file my_file05.txt (compact mmCIF, C-alpha atoms)
# COMPACT_ATOMS: atom_id res chain seq x y z
CA MET A 250 0.00 0.00 0.00
CA GLY A 251 1.14 3.55 -0.63
CA SER A 252 0.06 7.18 -0.82
CA HIS A 253 1.90 8.15 -4.00
CA ASP A 254 0.92 10.96 -6.32
CA GLY A 255 -0.43 10.04 -9.76
CA ARG A 256 2.87 10.16 -11.64
CA ASN A 257 4.67 7.88 -9.18
CA ALA A 258 1.65 5.60 -8.86
CA HIS A 259 2.09 4.76 -12.56
CA LEU A 260 5.59 3.49 -11.76
CA VAL A 261 4.26 1.45 -8.86
CA GLU A 262 1.58 0.00 -11.12
CA GLN A 263 4.25 -1.20 -13.55
CA VAL A 264 6.18 -2.88 -10.74
CA ALA A 265 3.02 -4.53 -9.38
CA THR A 266 2.31 -5.90 -12.86
CA LYS A 267 5.76 -7.44 -13.20
CA ALA A 268 5.97 -8.70 -9.62
CA ARG A 269 2.34 -9.90 -9.50
CA VAL A 270 1.87 -8.36 -6.08
CA VAL A 271 -1.28 -6.54 -4.99
CA PHE A 272 -0.87 -2.79 -4.59
CA LEU A 273 -3.54 -0.60 -2.98
CA SER A 274 -3.36 3.17 -3.54
CA ALA A 275 -4.48 5.39 -0.68
CA TRP A 276 -4.23 8.74 -2.47
CA ALA A 277 -3.67 8.81 -6.26
CA SER A 278 -6.88 9.88 -8.03
CA ASP A 279 -5.45 9.70 -11.56
CA PRO A 280 -8.18 7.97 -13.66
CA THR A 281 -5.66 6.76 -16.26
CA LEU A 282 -4.19 4.35 -13.69
CA SER A 283 -7.05 1.93 -14.30
CA GLN A 284 -6.94 2.17 -18.10
CA ALA A 285 -4.16 -0.42 -18.33
CA PHE A 286 -6.51 -2.83 -16.52
CA VAL A 287 -3.83 -4.22 -14.21
CA PRO A 288 -5.61 -6.76 -11.96
CA TRP A 289 -3.05 -6.22 -9.18
CA TYR A 290 -3.71 -2.49 -8.76
CA PHE A 291 -6.56 -1.10 -6.64
CA SER A 292 -7.46 2.36 -5.37
CA CYS A 293 -9.63 3.23 -2.40
CA VAL A 294 -9.75 6.90 -3.48
CA PRO A 295 -12.41 8.25 -5.88
CA THR A 296 -10.88 9.13 -9.25
CA ASP A 297 -10.76 12.63 -10.72
CA LEU A 298 -13.56 11.65 -13.10
CA GLN A 299 -15.75 10.48 -10.21
CA GLN A 300 -15.05 13.70 -8.32
CA ALA A 301 -15.84 15.75 -11.42
CA THR A 302 -19.19 13.98 -11.80
CA VAL A 303 -20.38 14.91 -8.31
CA LEU A 304 -19.14 18.51 -8.69
CA ILE A 305 -20.90 18.90 -12.05
CA GLU A 306 -24.14 17.60 -10.60
CA GLU A 307 -24.02 20.05 -7.71
CA ILE A 308 -22.82 23.13 -9.63
CA TYR A 309 -24.44 22.89 -13.07
CA ASN A 310 -27.56 20.86 -12.36
CA LYS A 311 -28.52 21.60 -8.76
CA ARG A 312 -27.32 25.21 -8.41
CA LYS A 313 -27.76 26.15 -12.10
CA ILE A 314 -24.38 27.92 -12.28
CA SER A 315 -22.80 28.11 -15.73
CA LYS A 316 -20.03 30.77 -15.60
CA ILE A 317 -17.29 28.67 -14.04
CA ALA A 318 -13.53 29.08 -13.63
CA LEU A 319 -11.25 26.11 -13.06
CA VAL A 320 -8.09 27.03 -11.14
CA ALA A 321 -5.17 24.61 -10.78
CA ASP A 322 -1.48 24.66 -9.92
CA ASN A 323 1.05 23.42 -12.46
CA GLY A 324 1.54 20.00 -10.87
CA TYR A 325 0.76 16.72 -12.64
CA ASP A 326 -2.15 15.72 -10.38
CA SER A 327 -3.83 19.14 -10.39
CA LYS A 328 -3.66 19.51 -14.17
CA LEU A 329 -5.06 16.02 -14.65
CA ALA A 330 -7.92 16.72 -12.24
CA LEU A 331 -8.77 19.88 -14.16
CA THR A 332 -8.61 18.01 -17.49
CA SER A 333 -10.91 15.32 -16.08
CA PHE A 334 -13.46 17.96 -15.11
CA VAL A 335 -13.36 19.50 -18.59
CA LYS A 336 -13.82 16.06 -20.14
CA LYS A 337 -16.85 15.21 -17.97
CA SER A 338 -18.44 18.64 -18.50
CA LYS A 339 -18.15 18.23 -22.30
CA ILE A 340 -19.78 14.80 -22.09
CA ALA A 341 -22.57 16.32 -20.01
CA GLY A 342 -23.07 19.02 -22.65
CA LYS A 343 -22.24 21.90 -20.30
CA GLU A 344 -20.76 25.28 -21.14
CA ASP A 345 -16.96 25.17 -21.31
CA PRO A 346 -15.39 26.46 -18.09
CA LEU A 347 -12.51 28.94 -18.22
CA GLN A 348 -9.13 27.58 -17.14
CA PHE A 349 -6.46 29.30 -15.04
CA PHE A 350 -3.11 27.98 -13.83
CA TYR A 351 -0.61 29.18 -11.25
CA ASP A 352 2.78 28.17 -9.92
CA ASN A 353 2.51 26.08 -6.75
CA SER A 354 4.97 28.37 -4.97
CA SER A 355 2.78 31.42 -5.60
CA GLN A 356 2.08 33.73 -2.70
CA ASP A 357 0.24 36.53 -4.50
CA PHE A 358 -2.83 35.70 -6.63
CA THR A 359 -3.78 39.29 -7.48
CA ASN A 360 -3.46 38.94 -11.25
CA LEU A 361 -5.30 35.63 -11.34
CA LEU A 362 -8.19 36.96 -9.25
CA ASP A 363 -8.35 40.15 -11.34
CA GLN A 364 -8.80 38.01 -14.46
CA ILE A 365 -11.58 36.01 -12.81
CA ASN A 366 -13.45 39.18 -11.83
CA LYS A 367 -13.15 40.61 -15.35
CA LYS A 368 -14.77 37.46 -16.81
CA ASP A 369 -17.87 37.76 -14.59
CA ILE A 370 -17.24 34.31 -13.13
CA LYS A 371 -19.92 32.97 -10.74
CA CYS A 372 -18.13 29.88 -9.44
CA ILE A 373 -14.48 28.92 -8.82
CA ILE A 374 -13.35 25.29 -8.63
CA LEU A 375 -9.91 24.68 -7.15
CA PHE A 376 -7.57 21.81 -7.93
CA GLY A 377 -4.34 22.09 -5.98
CA GLN A 378 -2.21 21.43 -2.94
CA PRO A 379 -3.47 22.44 0.53
CA SER A 380 -0.97 25.23 1.28
CA ALA A 381 -1.37 27.18 -1.98
CA SER A 382 -5.14 26.58 -2.05
CA LEU A 383 -5.46 27.99 1.47
CA LYS A 384 -3.57 31.17 0.46
CA LEU A 385 -5.74 31.51 -2.63
CA ILE A 386 -8.99 31.18 -0.69
CA GLN A 387 -7.67 33.60 1.93
CA GLN A 388 -7.05 36.22 -0.75
CA ILE A 389 -10.51 35.59 -2.24
CA ARG A 390 -11.95 36.35 1.21
CA GLN A 391 -9.76 39.44 1.69
CA ARG A 392 -11.02 40.86 -1.61
CA LYS A 393 -14.62 40.09 -0.57
CA MET A 394 -15.27 38.22 -3.81
CA ASN A 395 -18.73 36.68 -3.89
CA GLN A 396 -18.16 33.71 -6.22
CA SER A 397 -19.08 30.27 -4.93
CA VAL A 398 -15.92 28.25 -4.23
CA PHE A 399 -15.61 24.48 -4.67
CA GLY A 400 -12.61 22.23 -4.28
CA SER A 401 -11.43 18.73 -5.14
CA LEU A 402 -10.28 16.19 -2.58
CA SER A 403 -6.67 17.37 -3.02
CA LEU A 404 -7.34 20.56 -1.04
CA MET A 405 -7.07 18.44 2.10
CA GLY A 406 -3.89 16.44 2.54
CA GLU A 407 -2.26 14.72 5.48
CA ARG A 408 -3.80 16.97 8.12
CA GLY A 409 -7.35 18.03 8.77
CA PHE A 410 -8.29 21.71 8.99
CA SER A 411 -7.31 23.76 12.02
CA ASP A 412 -9.92 26.06 13.59
CA GLN A 413 -8.29 29.05 11.89
CA GLU A 414 -8.32 27.32 8.50
CA LEU A 415 -11.99 26.42 8.91
CA LYS A 416 -12.75 30.13 9.32
CA ILE A 417 -10.95 30.88 6.05
CA TYR A 418 -12.75 28.00 4.29
CA GLU A 419 -16.17 29.16 5.51
CA GLY A 420 -18.74 28.52 2.78
CA VAL A 421 -16.39 26.45 0.60
CA VAL A 422 -17.77 23.15 -0.73
CA LEU A 423 -15.32 20.25 -0.98
CA VAL A 424 -15.36 16.69 -2.21
CA SER A 425 -15.68 14.57 0.92
CA SER A 426 -13.76 11.44 1.84
CA GLY A 427 -16.63 10.57 4.16
CA TYR A 428 -14.76 9.93 7.40
CA TRP A 429 -16.16 13.05 9.03
CA PHE A 430 -19.67 11.65 8.90
CA THR A 431 -19.45 7.99 9.93
CA SER A 432 -19.41 6.56 13.46
CA LYS A 433 -16.20 4.72 12.63
CA GLY A 434 -14.77 7.94 11.27
CA THR A 435 -15.54 9.79 14.50
CA THR A 436 -13.77 7.12 16.55
CA PHE A 437 -10.82 7.18 14.14
CA ARG A 438 -10.46 10.97 14.36
CA GLN A 439 -10.61 10.97 18.14
CA GLU A 440 -7.99 8.22 18.46
CA PHE A 441 -5.75 9.79 15.81
CA LEU A 442 -5.92 13.16 17.60
CA ARG A 443 -5.05 11.50 20.91
CA LEU A 444 -2.03 9.72 19.43
CA TYR A 445 -0.62 12.42 17.13
CA GLY A 446 -1.99 15.72 18.44
CA TYR A 447 -3.70 16.90 15.25
CA GLN A 448 -6.76 16.05 13.20
CA PRO A 449 -6.21 13.51 10.39
CA GLY A 450 -6.70 14.45 6.76
CA PRO A 451 -8.01 12.22 3.95
CA VAL A 452 -4.60 10.65 3.30
CA ALA A 453 -4.56 9.26 6.85
CA ALA A 454 -8.16 8.05 6.60
CA TYR A 455 -7.65 6.26 3.27
CA ALA A 456 -4.35 4.77 4.48
CA PHE A 457 -6.06 3.47 7.62
CA ASP A 458 -8.84 1.88 5.59
CA GLY A 459 -6.41 0.52 3.03
CA MET A 460 -4.21 -1.20 5.58
CA ASN A 461 -7.18 -2.72 7.40
CA LEU A 462 -8.60 -3.94 4.09
CA ILE A 463 -5.29 -5.66 3.23
CA ILE A 464 -5.12 -7.20 6.71
CA GLU A 465 -8.62 -8.62 6.26
CA ALA A 466 -7.62 -10.16 2.93
CA ILE A 467 -4.49 -11.73 4.46
CA LYS A 468 -6.43 -13.06 7.44
CA ASP A 469 -8.78 -14.85 5.07
CA ASN A 470 -6.19 -16.07 2.54
CA GLY A 471 -2.78 -16.21 4.16
CA THR A 472 0.10 -14.92 2.02
CA ASP A 473 -0.96 -16.45 -1.28
CA ARG A 474 -0.80 -13.40 -3.54
CA GLU A 475 -3.36 -14.64 -6.08
CA LYS A 476 -5.87 -15.44 -3.36
CA ILE A 477 -5.30 -12.01 -1.82
CA GLN A 478 -5.91 -10.40 -5.21
CA LYS A 479 -9.12 -12.36 -5.70
CA SER A 480 -10.29 -11.52 -2.18
CA ILE A 481 -9.77 -7.77 -2.65
CA THR A 482 -11.49 -7.90 -6.05
CA GLY A 483 -14.71 -9.07 -4.40
CA ILE A 484 -14.37 -7.42 -0.99
CA LYS A 485 -17.03 -5.28 0.67
CA TYR A 486 -15.30 -3.57 3.55
CA GLU A 487 -16.95 -1.02 5.83
CA GLY A 488 -14.17 1.42 6.73
CA VAL A 489 -13.91 4.86 8.29
CA THR A 490 -14.45 6.40 4.83
CA GLY A 491 -17.53 4.27 4.22
CA LEU A 492 -18.12 1.13 2.19
CA ILE A 493 -15.15 0.07 0.06
CA GLN A 494 -15.60 -2.19 -2.93
CA PHE A 495 -14.03 -2.17 -6.38
CA ASP A 496 -15.19 -2.29 -9.98
CA ASP A 497 -13.62 -4.58 -12.59
CA LYS A 498 -10.78 -2.08 -13.15
CA GLY A 499 -9.79 -1.74 -9.51
CA ASN A 500 -11.46 1.64 -8.99
CA ARG A 501 -13.43 2.23 -5.84
CA VAL A 502 -17.18 2.13 -6.36
CA TRP A 503 -18.20 5.60 -5.15
CA THR A 504 -21.57 7.32 -5.13
CA GLY A 505 -20.18 10.81 -4.53
CA GLU A 506 -20.24 13.01 -1.46
CA LEU A 507 -19.71 16.72 -0.90
CA MET A 508 -19.31 18.71 2.29
CA GLU A 509 -19.51 22.41 3.13
CA ILE A 510 -17.83 24.41 5.87
CA LYS A 511 -20.60 26.13 7.84
CA ASN A 512 -20.00 28.08 11.05
CA GLY A 513 -16.60 26.47 11.46
CA ARG A 514 -17.93 22.93 11.03
CA LEU A 515 -17.87 20.38 8.22
CA VAL A 516 -21.42 19.59 7.13
CA ALA A 517 -22.41 16.90 4.62
CA LEU A 518 -24.44 18.20 1.69
CA GLU A 519 -27.70 16.42 1.14
CA LYS A 520 -28.19 14.59 -2.13
CA ASN A 521 -31.29 15.09 -4.23

call {"tool": "encode", "arguments": {"input": "my_file05.txt", "output": "structure tokens"}}
result
Amino acid sequence: MGSHDGRNAHLVEQVATKARVVFLSAWASDPTLSQAFVPWYFSCVPTDLQQATVLIEEIYNKRKISKIALVADNGYDSKLALTSFVKKSKIAGKEDPLQFFYDNSSQDFTNLLDQINKKDIKCIILFGQPSASLKLIQQIRQRKMNQSVFGSLSLMGERGFSDQELKIYEGVVLVSSGYWFTSKGTTFRQEFLRLYGYQPGPVAAYAFDGMNLIIEAIKDNGTDREKIQKSITGIKYEGVTGLIQFDDKGNRVWTGELMEIKNGRLVALEKN
């Protein structure tokens, strides 16, 4: 198991294929990882395409917003997430969103935000790393911009939000990993906080589920790698991030969840 980014997960996938050893990803959301149809590779994280689907449903269909700006850093994962959103929006027949990119080391987003305001954008969707995304949202708040702000799963990393960060993220809607809203997730967060002194982020939650899932498969099958692979293929495991099971390409079967920061708390958005 590992929490690699998308680019390095492709290398791991190649090794798993040659070695015929099960690998479970606890972070890479790159949808192209499953296109090679490697039976040894699984992911317990929703892909960029799955995340795009739930964002499109909420923004275009439920909220009827059409003037959208996609904002991403120049990293591999962020660009791919943005491309996945564009692909799904075209398939859905939606108006093409505008695209903006920034360097991940950026501290000042004045020019980018000026461009967004000039285009009469109604909604901003962020694809990026936690630190830069936090600075960007902070500057959106400082400028008192009134666009709705959404974010992919990548906006939360190894750590959960601090109280100060929750204030900055007030009103932002994010793709949810689910562990904030399950009884197992509550227990996990409390125990993690006791042991490490900070709230866990999605990486920790997916890694916890992934390791427990692998342990269950080994308990049932010993160390026979083919039996482990077959067991994981058909597994239905109730983890802290919810039910985990896989499709025929090793992707997690995911129905899509969003959450919003309201009054300093994470609140699950209701589905239609």

call {"tool": "closest_residue", "arguments": {"input": "my_file05.txt", "among": "A:Ala381, A:Ile417, A:Val320, A:Leu375", "to": "Lys393 of chain A", "atoms": "all atoms listed in the file"}}
result
A:Ile417

call {"tool": "closest_residue", "arguments": {"input": "my_file05.txt", "among": "A:Ala466, A:Val516, A:Ala318, A:Ile481", "to": "Gln494 of chain A", "atoms": "all atoms listed in the file"}}
result
A:Ile481

call {"tool": "closest_residue", "arguments": {"input": "my_file05.txt", "among": "A:Phe410, A:Phe291, A:Phe376, A:Phe430", "to": "Pro449 of chain A", "atoms": "all atoms listed in the file"}}
result
A:Phe410

call {"tool": "closest_residue", "arguments": {"input": "my_file05.txt", "among": "A:Gly513, A:Gly488, A:Gly377, A:Gly409", "to": "Asn323 of chain A", "atoms": "all atoms listed in the file"}}
result
A:Gly377

call {"tool": "residues_around", "arguments": {"input": "my_file05.txt", "residues": "Ser252 of chain A", "least_positions_apart": "4", "cutoff": "7 Å", "atoms": "only C-alpha atoms", "output": "PyMOL selection string"}}
result
chain A and resi 274-277

call {"tool": "residues_around", "arguments": {"input": "my_file05.txt", "residues": "Val303 of chain A", "least_positions_apart": "5", "cutoff": "9 Å", "atoms": "all atoms listed in the file", "output": "PyMOL selection string"}}
result
chain A and resi 298+308+424+504-507

call {"tool": "atom_distance", "arguments": {"input": "my_file05.txt", "atom1": "atom CA of Gly255 of chain A", "atom2": "atom CA of Leu282 of chain A"}}
result
7.9 Å

call {"tool": "closest_residue", "arguments": {"input": "my_file05.txt", "among": "A:Ser283, A:Asn360, A:Gln387, A:Ser327", "to": "Glu419 of chain A", "atoms": "all atoms listed in the file"}}
result
A:Gln387

call {"tool": "closest_residue", "arguments": {"input": "my_file05.txt", "among": "A:Ser480, A:Tyr325, A:Val264, A:Ser338", "to": "Ile467 of chain A", "atoms": "all atoms listed in the file"}}
result
A:Ser480

call {"tool": "residues_around", "arguments": {"input": "my_file05.txt", "residues": "Thr281 of chain A", "least_positions_apart": "3", "cutoff": "9 Å", "atoms": "only C-alpha atoms", "output": "short mmCIF file (atom, residue, chain, number, x, y, z; two decimals) with C-alpha atoms, keeping the file's coordinate frame"}}
result
data_model
loop_
_atom_site.label_atom_id
_atom_site.label_comp_id
_atom_site.auth_asym_id
_atom_site.auth_seq_id
_atom_site.Cartn_x
_atom_site.Cartn_y
_atom_site.Cartn_z
CA GLY A 255 -0.43 10.04 -9.76
CA HIS A 259 2.09 4.76 -12.56
CA SER A 278 -6.88 9.88 -8.03
CA GLN A 284 -6.94 2.17 -18.10
CA ALA A 285 -4.16 -0.42 -18.33
#

call {"tool": "atom_distance", "arguments": {"input": "my_file05.txt", "atom1": "atom CA of Gln348 of chain A", "atom2": "atom CA of Leu319 of chain A"}}
result
4.8 Å

call {"tool": "build_atoms", "arguments": {"input": "my_file05.txt", "residues": "segment 294-316 of chain A", "atoms": "N, CA and C atoms", "output": "CSV table (one decimal), keeping the file's coordinate frame"}}
result
chain,number,residue,atom,x,y,z
A,294,VAL,N,-9.5,5.5,-3.4
A,294,VAL,CA,-9.8,6.9,-3.5
A,294,VAL,C,-10.6,7.1,-4.7
A,295,PRO,N,-11.6,8.0,-4.7
A,295,PRO,CA,-12.4,8.2,-5.9
A,295,PRO,C,-11.5,8.9,-6.9
A,296,THR,N,-11.7,8.6,-8.2
A,296,THR,CA,-10.9,9.1,-9.2
A,296,THR,C,-11.3,10.6,-9.5
A,297,ASP,N,-10.4,11.3,-10.3
A,297,ASP,CA,-10.8,12.6,-10.7
A,297,ASP,C,-12.1,12.7,-11.5
A,298,LEU,N,-12.3,11.7,-12.3
A,298,LEU,CA,-13.6,11.6,-13.1
A,298,LEU,C,-14.8,11.5,-12.2
A,299,GLN,N,-14.7,10.7,-11.2
A,299,GLN,CA,-15.8,10.5,-10.2
A,299,GLN,C,-16.0,11.8,-9.4
A,300,GLN,N,-14.9,12.4,-9.0
A,300,GLN,CA,-15.0,13.7,-8.3
A,300,GLN,C,-15.7,14.8,-9.2
A,301,ALA,N,-15.3,14.8,-10.5
A,301,ALA,CA,-15.8,15.8,-11.4
A,301,ALA,C,-17.3,15.5,-11.6
A,302,THR,N,-17.8,14.3,-11.6
A,302,THR,CA,-19.2,14.0,-11.8
A,302,THR,C,-20.0,14.6,-10.7
A,303,VAL,N,-19.6,14.4,-9.4
A,303,VAL,CA,-20.4,14.9,-8.3
A,303,VAL,C,-20.3,16.4,-8.2
A,304,LEU,N,-19.2,17.0,-8.7
A,304,LEU,CA,-19.1,18.5,-8.7
A,304,LEU,C,-20.0,19.1,-9.8
A,305,ILE,N,-20.0,18.5,-10.9
A,305,ILE,CA,-20.9,18.9,-12.0
A,305,ILE,C,-22.4,18.8,-11.7
A,306,GLU,N,-22.7,17.7,-11.0
A,306,GLU,CA,-24.1,17.6,-10.6
A,306,GLU,C,-24.6,18.7,-9.7
A,307,GLU,N,-23.7,19.0,-8.7
A,307,GLU,CA,-24.0,20.0,-7.7
A,307,GLU,C,-24.0,21.5,-8.3
A,308,ILE,N,-23.0,21.8,-9.1
A,308,ILE,CA,-22.8,23.1,-9.6
A,308,ILE,C,-23.7,23.4,-10.8
A,309,TYR,N,-23.7,22.6,-11.9
A,309,TYR,CA,-24.4,22.9,-13.1
A,309,TYR,C,-25.9,22.5,-12.9
A,310,ASN,N,-26.2,21.4,-12.4
A,310,ASN,CA,-27.6,20.9,-12.4
A,310,ASN,C,-28.4,21.3,-11.1
A,311,LYS,N,-27.8,21.2,-10.0
A,311,LYS,CA,-28.5,21.6,-8.8
A,311,LYS,C,-28.5,23.1,-8.5
A,312,ARG,N,-27.4,23.8,-8.7
A,312,ARG,CA,-27.3,25.2,-8.4
A,312,ARG,C,-27.5,26.1,-9.7
A,313,LYS,N,-27.5,25.4,-10.8
A,313,LYS,CA,-27.8,26.2,-12.1
A,313,LYS,C,-26.7,27.2,-12.4
A,314,ILE,N,-25.5,27.0,-12.0
A,314,ILE,CA,-24.4,27.9,-12.3
A,314,ILE,C,-23.7,27.5,-13.6
A,315,SER,N,-23.4,28.5,-14.5
A,315,SER,CA,-22.8,28.1,-15.7
A,315,SER,C,-21.5,28.8,-16.0
A,316,LYS,N,-21.3,30.0,-15.4
A,316,LYS,CA,-20.0,30.8,-15.6
A,316,LYS,C,-19.0,30.3,-14.6
